[in-house]
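Student: Quick one, target_20.pdb (PDB, C-alpha atoms and all ligand atoms):
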```
ATOM      1  CA  MET A  43      45.160 150.296 130.387
ATOM      2  CA  PRO A  44      46.317 151.114 126.808
ATOM      3  CA  LEU A  45      45.912 154.863 127.335
ATOM      4  CA  SER A  46      46.547 156.813 130.504
ATOM      5  CA  ILE A  47      47.049 160.369 131.713
ATOM      6  CA  ASP A  48      49.438 161.279 134.490
ATOM      7  CA  THR A  49      47.404 164.012 136.175
ATOM      8  CA  GLU A  50      50.439 165.103 138.186
ATOM      9  CA  LYS A  51      52.304 165.965 134.977
ATOM     10  CA  CYS A  52      49.266 167.373 133.098
ATOM     11  CA  ASN A  53      49.161 171.174 133.001
ATOM     12  CA  GLY A  54      45.605 171.377 131.638
ATOM     13  CA  CYS A  55      46.599 172.798 128.231
ATOM     14  CA  LYS A  56      43.613 171.016 126.578
ATOM     15  CA  ASN A  57      45.658 169.943 123.526
ATOM     16  CA  CYS A  58      44.645 166.291 123.807
ATOM     17  CA  TYR A  59      40.997 167.130 124.342
ATOM     18  CA  THR A  60      40.810 169.459 121.355
ATOM     19  CA  ILE A  61      42.920 167.416 118.924
ATOM     20  CA  CYS A  62      41.757 163.815 119.403
ATOM     21  CA  PRO A  63      39.933 162.793 116.193
ATOM     22  CA  GLN A  64      38.009 160.096 118.049
ATOM     23  CA  ASP A  65      36.728 162.292 120.929
ATOM     24  CA  VAL A  66      38.209 159.912 123.465
ATOM     25  CA  PHE A  67      38.651 162.620 126.104
ATOM     26  CA  SER A  68      36.130 164.624 128.050
ATOM     27  CA  TRP A  69      37.019 167.833 129.857
ATOM     28  CA  GLU A  70      36.629 167.956 133.616
ATOM     29  CA  ASP A  71      35.927 171.579 134.441
ATOM     30  CA  ASP A  72      36.196 171.101 138.192
ATOM     31  CA  ILE A  73      39.824 169.935 138.008
ATOM     32  CA  LYS A  74      40.656 171.658 134.670
ATOM     33  CA  LYS A  75      42.044 168.426 133.253
ATOM     34  CA  PRO A  76      41.030 165.830 130.663
ATOM     35  CA  GLU A  77      39.574 162.461 131.461
ATOM     36  CA  ILE A  78      39.590 159.329 129.314
ATOM     37  CA  THR A  79      35.905 158.735 128.677
ATOM     38  CA  TYR A  80      35.670 156.684 125.488
ATOM     39  CA  LEU A  81      38.792 154.552 125.742
ATOM     40  CA  TYR A  82      37.610 151.971 123.259
ATOM     41  CA  GLU A  83      37.164 154.601 120.561
ATOM     42  CA  CYS A  84      40.946 155.193 120.620
ATOM     43  CA  SER A  85      42.663 154.272 117.352
ATOM     44  CA  HIS A  86      46.172 154.619 118.849
ATOM     45  CA  CYS A  87      47.048 157.289 116.307
ATOM     46  CA  GLY A  88      49.442 158.911 118.799
ATOM     47  CA  ILE A  89      48.442 162.517 118.072
ATOM     48  CA  CYS A  90      47.560 163.280 121.685
ATOM     49  CA  TRP A  91      50.896 161.854 122.805
ATOM     50  CA  MET A  92      52.791 163.979 120.261
ATOM     51  CA  GLU A  93      50.894 167.147 121.154
ATOM     52  CA  CYS A  94      51.149 166.811 124.931
ATOM     53  CA  PRO A  95      53.755 169.362 126.088
ATOM     54  CA  LYS A  96      54.196 167.622 129.444
ATOM     55  CA  ARG A  97      54.556 164.035 128.196
ATOM     56  CA  ALA A  98      51.649 163.214 130.498
ATOM     57  CA  ILE A  99      50.014 160.724 128.136
ATOM     58  CA  ASP A 100      51.101 157.134 127.916
ATOM     59  CA  ILE A 101      49.936 154.871 125.094
ATOM     60  CA  THR A 102      50.483 151.136 124.995
ATOM     61  CA  LEU A 103      49.774 149.659 121.616
ATOM     62  CA  PRO A 104      47.667 146.525 121.600
ATOM     63  CA  ALA A 105      49.516 143.335 120.629
ATOM     64  CA  SER A 106      47.706 143.284 117.276
ATOM     65  CA  CYS A 107      49.540 146.496 116.257
ATOM     66  CA  TYR A 108      53.012 144.982 116.435
TER
HETATM   67  S1  LIG B   1      45.883 158.042 120.392
HETATM   68 FE1  LIG B   1      44.648 159.214 118.883
HETATM   69  S2  LIG B   1      42.581 158.357 119.052
HETATM   70 FE2  LIG B   1      43.700 157.705 120.874
HETATM   71  S3  LIG B   1      43.213 159.232 122.430
HETATM   72 FE3  LIG B   1      45.117 159.893 121.419
HETATM   73  S4  LIG B   1      44.490 161.271 119.750
HETATM   74 FE4  LIG B   1      42.673 160.111 120.435
HETATM   75  S1  LIG B   2      47.887 167.534 126.245
HETATM   76 FE1  LIG B   2      48.911 166.744 128.078
HETATM   77  S2  LIG B   2      49.192 168.505 129.390
HETATM   78 FE2  LIG B   2      47.669 169.083 127.868
HETATM   79  S3  LIG B   2      45.678 168.611 128.823
HETATM   80 FE3  LIG B   2      46.298 166.794 127.649
HETATM   81  S4  LIG B   2      47.387 165.466 129.134
HETATM   82 FE4  LIG B   2      47.270 167.539 129.999
END
```
Translate the structure of the given file into structure tokens.

Tutor:
Amino acid sequence: MPLSIDTEKCNGCKNCYTICPQDVFSWEDDIKKPEITYLYECSHCGICWMECPKRAIDITLPASCY
């Protein structure tokens, strides 16, 4: 998967959910953590990765980006 969240590392700060310009994440109130809902809307801008204080987000760029 090109985008993933390590829920063990995630502290539920909501940065990724609030900052993603493509609204890729939804917020799961029951677990207080984000979920990747619209993966194919992701533009691989890297903002969520940069703003994650726990380095819980992993982004793999598609081959066409290299
Ligand atoms: S890389 Fe950019 S578009 Fe993709 S989920 Fe993160 S903030 Fe959203
Ligand atoms: S930015 Fe990182 S720590 Fe914060 S909610 Fe998103 S994945 Fe979790």

Student: So which residues fall inside 8 Å of (40.9, 166.5, 123.1) if we count only C-alpha atoms? Mind giving them as a list in words?

Tutor: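 Output of the proximity query reads Lys56, Asn57, Cys58, Tyr59, Thr60, Ile61, Cys62, Pro63, Asp65, Val66, Phe67, Ser68, Trp69, Pro76 and Cys90 of chain A.
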
Student: In terms of the shortest atom-to-atom distance over only C-alpha atoms and all ligand atoms, which of A:Pro95, A:Glu70, A:Pro44, A:Lys75 is closest to ligand LIG 1 (chain B)?

Tutor: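 Of A:Pro95, A:Glu70, A:Pro44, A:Lys75, the one nearest ligand LIG 1 (chain B), counting only C-alpha atoms and all ligand atoms, is A:Pro44.
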
Student: From the options A:Ile78, A:Ile101, A:Ile73, A:Met92, which residue's atoms come nearest to Asn53 of chain A, counting only C-alpha atoms?

Tutor: A:Ile73

Student: Please measure the separation of atom CA of Glu93 of chain A and atom CA of Asp71 of chain A, giving the value in Å to one decimal.

Tutor: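 Value for the atom CA of Glu93 of chain A-atom CA of Asp71 of chain A distance: 20.5 Å.
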
Student: To one decimal in Å, tell me the separation between atom CA of Leu103 of chain A and atom CA of Cys55 of chain A.

Tutor: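 That distance, rounded to one decimal, is 24.3 Å.
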
Student: Out of A:Lys51, A:Ser46, A:Gln64, A:Pro104, which residue has the shortest atom-to-atom distance to Cys84 of chain A when counting all atoms listed in the file?

Tutor: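 Smallest separation from Cys84 of chain A among the options: A:Gln64.
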
Student: Here is a test: counting all atoms listed in the file, which residue of A:Ala105, A:Gly54, A:His86, A:Thr49 is nearest to ligand LIG 2 (chain B)?

Tutor: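 That would be A:Gly54, the residue with the smallest distance to ligand LIG 2 (chain B).
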
Student: Box along x, y and z, 3 Å on every side, all listed atoms of ligand LIG 1 (chain B) inside: centre and edge lengths in Å to one decimal, as JSON.

Tutor:
```
{"center_x": 44.2, "center_y": 159.5, "center_z": 120.7, "size_x": 9.3, "size_y": 9.6, "size_z": 9.5}
```

Student: If you measure from atom FE2 of ligand LIG 1 (chain B) to atom CA of Lys96 of chain A, what distance in Å do you get, rounded to one decimal?

Tutor: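 One can read the atom FE2 of ligand LIG 1 (chain B) to atom CA of Lys96 of chain A distance as 16.8 Å.
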
Student: Of the residues A:Leu45, A:Glu77, A:Glu50, A:Asp72, which is the one nearest to ligand LIG 1 (chain B), using all atoms listed in the file?

Tutor: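 Smallest distance to ligand LIG 1 (chain B) is found for A:Leu45.
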
Student: Of the candidates A:Asp100, A:Cys94, A:Asp48, A:Gly88, which shows the shortest atom-to-atom distance to ligand LIG 2 (chain B), using only C-alpha atoms and all ligand atoms?

Tutor: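 Ranked by minimum distance to ligand LIG 2 (chain B), first place goes to A:Cys94.
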